[in-house]
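Below is one structure, written out as structure tokens; the observations come after it.
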Amino acid sequence: MYIDERVAHGRADLYLRDRPELEPDSLERIIRDVCDGAPARPARADKFTLCLHAENHLLAPLKAHGFFGHIEYSAPDPLLWMSIVGGNQRIGFRWIQLLHAIEANKFWILKPLTITPHAIARCLQRVGTMDVPGILEPISLALGFAIPLMSVSHQEKWRQFAVPVREGLFLGDSGPDGWVIRTYISRKPYEHESGWDKYLNLFPEIPRWSPSDLRNISVSGRWMTEQLMAIRKERLIVDRVSRLAKQYERREDKQGEQWRKAKSQRDRDRRRQSDA
């Protein structure tokens, strides 16, 4: 379905308008309030008791606020990991994470990924849907694939990054807090070749996970970690796709121009048919 660029931006803006429950500053404030307001921990408590305290007074309250997460008991210092996606009209979507070292009783708030309003609108336009829930899969895949790709990009010193999703990819670069996804490119089988096809072809077909597995980003994260290990066995990705070493630049929307020309041609054909 063809969606005009202005309509796509309008739909993205409408979804993020007047949503105080998504406001990133408010979500960070909830994290701080829960962590700072938790009852004092039992004196000289063992690891099990500290984990139980974190589960009752940190994990449970944050889950009640819509956060997703778990405790990694196998870490040397058990780690509470919680996350949520917030957003507003100005920044788009922002992934917010809490990392809490349970024995050390220290926590960090991270913002590893931001998806700009322009990228959201482009995804709506290219996927061909008027509603943000219609792009749940590519957004969820971007969140699940981001952390493994961030690790590789840091090791290989990428200057821009690309996150493959089904029939497309997100592009962006690093911001002050983490990655910033700035646009989305459609890569359907019938579309013209792209300079990013070499990168996309490194990855096998993405599994079709259930909605619950899509929400559990550790599922897609494990899959991407396995693919990256296999891909990098012989050569670095940046050595195969040299554009990753170049600074991201926003370019002319060639796909949009192609789509507009195709739509204009269809409109002319319809008029000729109606006049016949």
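We name chains A, B, ... following the order of the structure tokens; residues begin at 1 in each chain, and ligands are numbered from 1 as shown.
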
When DSSP works through the backbone of this structure, what residues of region 23-268 of chain A end up as strand (DSSP E), shown as a count of residues only? 55

Step one, run DSSP on the backbone; step two, keep only residues of region 60-169 of chain A assigned to alpha helix (DSSP H); then write them as a VMD selection string. chain A and resid 60 to 64 117 to 127 136 to 156

Between CA of Ala38 (chain A) and CA of Leu58 (chain A), measure the distance and give it in Å to one decimal. 7.0 Å

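Near region 244-250 of chain A, within 10 Å and counting only C-alpha atoms, sit Ser153, Glu156, Lys157, Trp158, Arg159, Gln160, Phe161, Ala162, Leu171, Gly172, Asp173, Ser174, Arg182, Thr183, Trp196, Tyr199, Ile237 and Val238 of chain A, not including residues fewer than 6 positions from it in the same chain.
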
Near-Tyr73 (chain A) list (12 Å; only C-alpha atoms; drop same-chain fewer than 3 positions) as a PyMOL selection string: chain A and resi 47-48+50-52+54-55+70+76-81+101-103

Using 10 Å as the limit and counting only C-alpha atoms, can you tabulate each residue of region 55-87 of chain A that touches region 108-118 of chain A, with its shortest atom-to-atom distance in Å and the two atoms involved, as CSV?
residue,atom,partner,partner_atom,distance
A:Met82,CA,A:Ile109,CA,9.7
A:Ser83,CA,A:Leu110,CA,9.2
A:Val85,CA,A:Thr114,CA,9.3
A:Gly86,CA,A:Thr114,CA,9.5
A:Gly87,CA,A:Thr114,CA,8.7

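Checking A:Ser220, A:Ser194, A:Ser151, A:Ser210 one by one against Val165 (chain A), counting only C-alpha atoms, you find the shortest gap at A:Ser220.
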